[in-house]
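Chemist: One structure coming up, written as structure tokens, with questions to follow.
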Amino acid sequence: MDLLEYQAKELFRDVGIPVLPSQRIDRPGDLKALRIPYPVVLKSQVSVGNRGKAGGIRFVENTIDAIAAARTIFNLPILGEYPNVLLAEAKYNTSQEFYLAIVIDRLACRPVLLGSTDGGMNVNTILDRIHQVVVYEEFSSFYARQLALKMGLKGEIMLAVSEIIEKMYLLMRSQDLDLVEINPLGVDRDGAVMALDGKISVNHHAVGRHPNLQPWQMVDVARNRLGTLSPLFNEVGNIGILCSGNGLALAMLDGIAQGGGQVAQCIVVDPACTEEIQIALDRIGVNVNSGSEGAESPSIDVLLVNFVGSEIDSCQQVMQYLARDPHMTIIWRVLEPDLDRLAGFLPLSIKLVTNFDRAIAQTLKLAKQ
């Protein structure tokens with residue numbers, strides 16, 4: 001399981017590896033409540049590389065520019081993967097950038113420390129400049145200093161980098177990780193070090209031993225499905241679509257467009273997967289946390305739901321989530337045989353409609369009010 005950058009940095013923070021002030025962004029509107037002073041950098045949270053070259057990392061100076069950049073990044077696929085989350089992070093000026101990593105050599109059955117003074121670049125372009133130290137016995141600070149010296153570091157910076165390597169090794173052993181990587185480790189003019197980007201691979205056989213990692217595993221499964229679907233952040237739309245199949249999605253998009261409506265978001269989910277539902281509703285702006293104010297909705301006034309063919313129990317679970325947010329009007333298309341069962345469970349804020357065309361018509365009418 002490959003963690004996203006913001007998840008990796010949570011683990012870095014736990015072991016004392018310095019990271020910049022940051023904030024998770026689930027939708028562009030979250031930037032209106034940004035707690036980090038500008039300028040900031042917005043980073044696409046995907047599991048693939050080359051984010052910078054693809055346009056998934058952008059520096060912004062104010063809220064207006066940040067919201068515009070976030071909308072662009074959310075709709076930008078990187079090697080076919082769309083982000084569900086962005087990371088807003090403070091800007092950091094570096095004078096040097098290093099590459100550090102610890103991996104497991106499967107053939108030697110030993111951890112290997114890797115380091116280079118050419119950080120911030122694609123690893124494949126610096127392979128001939130990466131130094132390595134194999135940990136043959138019980139780990140100690142000796143191995144960390146040995147790598148730093150091989151990198152040509154001296155004095156205070158050698159000690160600072162050695163300390164980071166020791167903390168990376170502690171993290172790897174304590175969480176049963178296959179890879180811990182910092183690229184780059186930034187160094188400012190005063191010699192202070194900062195993990196500017198991170199990558200962590202978790203041994204999937206070991207996740208069961210670490211309760212702190214298990215929620216991320218469930219989200220990872222959902223992300224792998226949802227990440228290939230465009231979030232459709234349309235700033236002029238006020239209609240959301242939540243459905244259980246690509247065919248249903250296309251049919252509803254076509255019906256809304258023919259009626260002159262504007263869809264802000266369209267998401268295909270598995271109604272039986274709680275994690276997918278939570279990610280999708282959070283993206284749409286539905287407040288699933290009862291009793292809290294929640295984040296600002298991305299301009300969605302009417303949500304059209306179509307889970308035709310799905311299990312009734314799964315539909316009822318989604319209704320429970322939707323009922324917690326009284327601020328959104330919901331049109332739910334349902335088949336005649338399921339009408340009575342769902343109607344008996346129906347929250348007042350949800351309107352059931354059995355006819356597809358009528359569901360489209362009611363959605364358009366409410367969206368234009």
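Residues in the structure tokens are named by chain (A, B, ... in the order shown) and by number from 1 within that chain; ligands are numbered from 1 in the order shown.
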Mind listing the strand (DSSP E or B) residues of stretch 139-202 of chain A, per DSSP on the backbone, as a list in words?

Modeler: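 So the strand (DSSP E or B) residues in stretch 139-202 of chain A would be Leu177, Asp178, Leu179, Val180, Glu181, Ile182, Asn183, Pro184, Leu185, Gly186, Val187, Val193, Met194, Ala195, Gly198, Lys199, Ile200, Ser201 and Val202 of chain A.
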
Chemist: For stretch 126-143 of chain A, please output as an MDAnalysis selection string all residues within 7 Å (counting only C-alpha atoms; exclusion window: fewer than 6 positions along the same chain).

Modeler: chainID A and resid 110:116 150:151 166

Chemist: If you count only C-alpha atoms, which residues fall within 7 Å of stretch 184-186 of chain A, apart from same-chain ones fewer than 5 positions away, as a PyMOL selection string?

Modeler: chain A and resi 94+96-99+119-120+193-197

Chemist: Hey, can you spit out that residue selection with all heavy atoms as a PDB file, in the first residue's frame?

Modeler:
ATOM      1  N   THR A  94      14.898  26.795  -0.250  1.00  0.00           N
ATOM      2  CA  THR A  94      16.016  25.891   0.014  1.00  0.00           C
ATOM      3  C   THR A  94      17.291  26.392  -0.654  1.00  0.00           C
ATOM      4  O   THR A  94      17.255  27.047  -1.708  1.00  0.00           O
ATOM      5  CB  THR A  94      15.726  24.476  -0.509  1.00  0.00           C
ATOM      6  OG1 THR A  94      15.597  24.518  -1.939  1.00  0.00           O
ATOM      7  CG2 THR A  94      14.436  23.933   0.080  1.00  0.00           C
ATOM      8  N   GLN A  96      19.845  23.854  -0.586  1.00  0.00           N
ATOM      9  CA  GLN A  96      20.270  22.532  -1.021  1.00  0.00           C
ATOM     10  C   GLN A  96      19.091  21.568  -0.916  1.00  0.00           C
ATOM     11  O   GLN A  96      18.181  21.762  -0.096  1.00  0.00           O
ATOM     12  CB  GLN A  96      21.420  21.998  -0.140  1.00  0.00           C
ATOM     13  CG  GLN A  96      22.763  22.657  -0.334  1.00  0.00           C
ATOM     14  CD  GLN A  96      23.808  22.044   0.599  1.00  0.00           C
ATOM     15  OE1 GLN A  96      23.790  22.291   1.803  1.00  0.00           O
ATOM     16  NE2 GLN A  96      24.706  21.243   0.038  1.00  0.00           N
ATOM     17  N   GLU A  97      19.117  20.526  -1.728  1.00  0.00           N
ATOM     18  CA  GLU A  97      18.091  19.501  -1.665  1.00  0.00           C
ATOM     19  C   GLU A  97      18.751  18.128  -1.782  1.00  0.00           C
ATOM     20  O   GLU A  97      19.546  17.890  -2.695  1.00  0.00           O
ATOM     21  CB  GLU A  97      17.053  19.679  -2.784  1.00  0.00           C
ATOM     22  CG  GLU A  97      16.220  20.937  -2.619  1.00  0.00           C
ATOM     23  CD  GLU A  97      15.111  21.051  -3.646  1.00  0.00           C
ATOM     24  OE1 GLU A  97      15.147  20.292  -4.657  1.00  0.00           O
ATOM     25  OE2 GLU A  97      14.210  21.871  -3.463  1.00  0.00           O
ATOM     26  N   PHE A  98      18.419  17.234  -0.835  1.00  0.00           N
ATOM     27  CA  PHE A  98      18.995  15.893  -0.802  1.00  0.00           C
ATOM     28  C   PHE A  98      17.916  14.842  -1.071  1.00  0.00           C
ATOM     29  O   PHE A  98      16.720  15.093  -0.893  1.00  0.00           O
ATOM     30  CB  PHE A  98      19.629  15.609   0.564  1.00  0.00           C
ATOM     31  CG  PHE A  98      20.725  16.561   0.944  1.00  0.00           C
ATOM     32  CD1 PHE A  98      20.940  16.895   2.281  1.00  0.00           C
ATOM     33  CD2 PHE A  98      21.548  17.140  -0.012  1.00  0.00           C
ATOM     34  CE1 PHE A  98      21.946  17.765   2.652  1.00  0.00           C
ATOM     35  CE2 PHE A  98      22.565  18.015   0.339  1.00  0.00           C
ATOM     36  CZ  PHE A  98      22.761  18.326   1.674  1.00  0.00           C
ATOM     37  N   TYR A  99      18.383  13.668  -1.446  1.00  0.00           N
ATOM     38  CA  TYR A  99      17.528  12.501  -1.591  1.00  0.00           C
ATOM     39  C   TYR A  99      17.911  11.489  -0.517  1.00  0.00           C
ATOM     40  O   TYR A  99      19.093  11.151  -0.364  1.00  0.00           O
ATOM     41  CB  TYR A  99      17.692  11.856  -2.973  1.00  0.00           C
ATOM     42  CG  TYR A  99      17.013  10.508  -3.110  1.00  0.00           C
ATOM     43  CD1 TYR A  99      15.670  10.422  -3.435  1.00  0.00           C
ATOM     44  CD2 TYR A  99      17.724   9.324  -2.891  1.00  0.00           C
ATOM     45  CE1 TYR A  99      15.032   9.183  -3.546  1.00  0.00           C
ATOM     46  CE2 TYR A  99      17.101   8.087  -2.999  1.00  0.00           C
ATOM     47  CZ  TYR A  99      15.758   8.022  -3.329  1.00  0.00           C
ATOM     48  OH  TYR A  99      15.141   6.810  -3.430  1.00  0.00           O
ATOM     49  N   GLY A 119      18.891  15.933  -4.783  1.00  0.00           N
ATOM     50  CA  GLY A 119      17.495  15.690  -4.442  1.00  0.00           C
ATOM     51  C   GLY A 119      16.549  16.504  -5.290  1.00  0.00           C
ATOM     52  O   GLY A 119      16.950  17.388  -6.053  1.00  0.00           O
ATOM     53  N   GLY A 120      15.251  16.194  -5.158  1.00  0.00           N
ATOM     54  CA  GLY A 120      14.233  16.935  -5.895  1.00  0.00           C
ATOM     55  C   GLY A 120      14.093  16.523  -7.333  1.00  0.00           C
ATOM     56  O   GLY A 120      13.391  17.176  -8.105  1.00  0.00           O
ATOM     57  N   VAL A 193      16.888  21.534   8.265  1.00  0.00           N
ATOM     58  CA  VAL A 193      16.414  20.558   7.281  1.00  0.00           C
ATOM     59  C   VAL A 193      14.905  20.410   7.381  1.00  0.00           C
ATOM     60  O   VAL A 193      14.308  20.600   8.442  1.00  0.00           O
ATOM     61  CB  VAL A 193      17.103  19.188   7.477  1.00  0.00           C
ATOM     62  CG1 VAL A 193      18.594  19.295   7.192  1.00  0.00           C
ATOM     63  CG2 VAL A 193      16.852  18.646   8.878  1.00  0.00           C
ATOM     64  N   MET A 194      14.283  20.055   6.249  1.00  0.00           N
ATOM     65  CA  MET A 194      12.833  19.930   6.182  1.00  0.00           C
ATOM     66  C   MET A 194      12.461  18.881   5.143  1.00  0.00           C
ATOM     67  O   MET A 194      12.958  18.906   4.015  1.00  0.00           O
ATOM     68  CB  MET A 194      12.204  21.279   5.795  1.00  0.00           C
ATOM     69  CG  MET A 194      10.710  21.322   5.883  1.00  0.00           C
ATOM     70  SD  MET A 194      10.110  21.288   7.590  1.00  0.00           S
ATOM     71  CE  MET A 194      10.814  22.827   8.216  1.00  0.00           C
ATOM     72  N   ALA A 195      11.602  17.931   5.522  1.00  0.00           N
ATOM     73  CA  ALA A 195      11.107  16.926   4.575  1.00  0.00           C
ATOM     74  C   ALA A 195      10.037  17.585   3.707  1.00  0.00           C
ATOM     75  O   ALA A 195       8.911  17.794   4.146  1.00  0.00           O
ATOM     76  CB  ALA A 195      10.536  15.728   5.316  1.00  0.00           C
ATOM     77  N   LEU A 196      10.388  17.902   2.468  1.00  0.00           N
ATOM     78  CA  LEU A 196       9.485  18.629   1.584  1.00  0.00           C
ATOM     79  C   LEU A 196       8.542  17.707   0.815  1.00  0.00           C
ATOM     80  O   LEU A 196       7.492  18.135   0.346  1.00  0.00           O
ATOM     81  CB  LEU A 196      10.294  19.480   0.604  1.00  0.00           C
ATOM     82  CG  LEU A 196      11.210  20.528   1.251  1.00  0.00           C
ATOM     83  CD1 LEU A 196      11.911  21.356   0.190  1.00  0.00           C
ATOM     84  CD2 LEU A 196      10.410  21.425   2.189  1.00  0.00           C
ATOM     85  N   ASP A 197       8.915  16.467   0.646  1.00  0.00           N
ATOM     86  CA  ASP A 197       8.029  15.483   0.018  1.00  0.00           C
ATOM     87  C   ASP A 197       8.392  14.113   0.570  1.00  0.00           C
ATOM     88  O   ASP A 197       9.548  13.874   0.945  1.00  0.00           O
ATOM     89  CB  ASP A 197       8.185  15.496  -1.508  1.00  0.00           C
ATOM     90  CG  ASP A 197       7.025  14.801  -2.217  1.00  0.00           C
ATOM     91  OD1 ASP A 197       6.134  14.275  -1.518  1.00  0.00           O
ATOM     92  OD2 ASP A 197       7.013  14.778  -3.464  1.00  0.00           O
TER      93      ASP A 197
END

Chemist: Tell me, which residues of stretch 95-250 of chain A carry DSSP helix (DSSP H, G or I), written as a PyMOL selection string?

Modeler: chain A and resi 123-125+127-129+141-150+155-175+207-209+214-226+246-250

Chemist: Compile the contact shell of stretch 55-64 of chain A as a ChimeraX atom specification: residues with an atom at most 10 Å away, counting only C-alpha atoms, same-chain residues fewer than 5 positions apart removed.

Modeler: /A:28-29,31-34,37-46,49-50,69-70,72-78,83,86-91

Chemist: So what do you get for atom CA of A:Cys266 versus atom CA of A:Asp26, distance-wise?

Modeler: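 Separating atom CA of A:Cys266 from atom CA of A:Asp26 is a distance of 15.5 Å.
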
Chemist: At what distance in Å, to one decimal, does atom CA of A:Leu20 lie from atom CA of A:Tyr92?

Modeler: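 A separation of 8.0 Å between them.
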
Chemist: May I have the residues within 6 Å of stretch 330-335 of chain A as a list in words, using only C-alpha atoms and disregarding those fewer than 4 positions away in the same chain?

Modeler: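 Neighbouring residues, sequence-local ones excluded: Val302, Leu303, Leu304, Val305, Asn306, Ile350, Lys351, Leu352, Val353 and Thr354 of chain A.
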
Chemist: Identify which of the residues A:Gln175, A:Thr363, A:Gln320, A:Ser244 lies closest to A:Arg209, counting only C-alpha atoms when measuring atom-to-atom distances.

Modeler: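 Closest to A:Arg209 of all the choices is A:Gln175.
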
Chemist: Restricting the calculation to only C-alpha atoms: of A:Gly259, A:Gly198, A:Gly237, A:Pro211, which residue gets closest to A:Glu5?

Modeler: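 With only C-alpha atoms as the atom set, the closest residue is A:Gly198.
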
Chemist: Of the candidates A:Ala160, A:Ala206, A:Ile239, A:Ile25, which one gets nearest to A:Gln262 if we count only C-alpha atoms?

Modeler: A:Ile239

Chemist: How many Å separate atom CA of A:Ser22 from atom CA of A:Val103?

Modeler: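 Going from atom CA of A:Ser22 over to atom CA of A:Val103, I get 26.5 Å.
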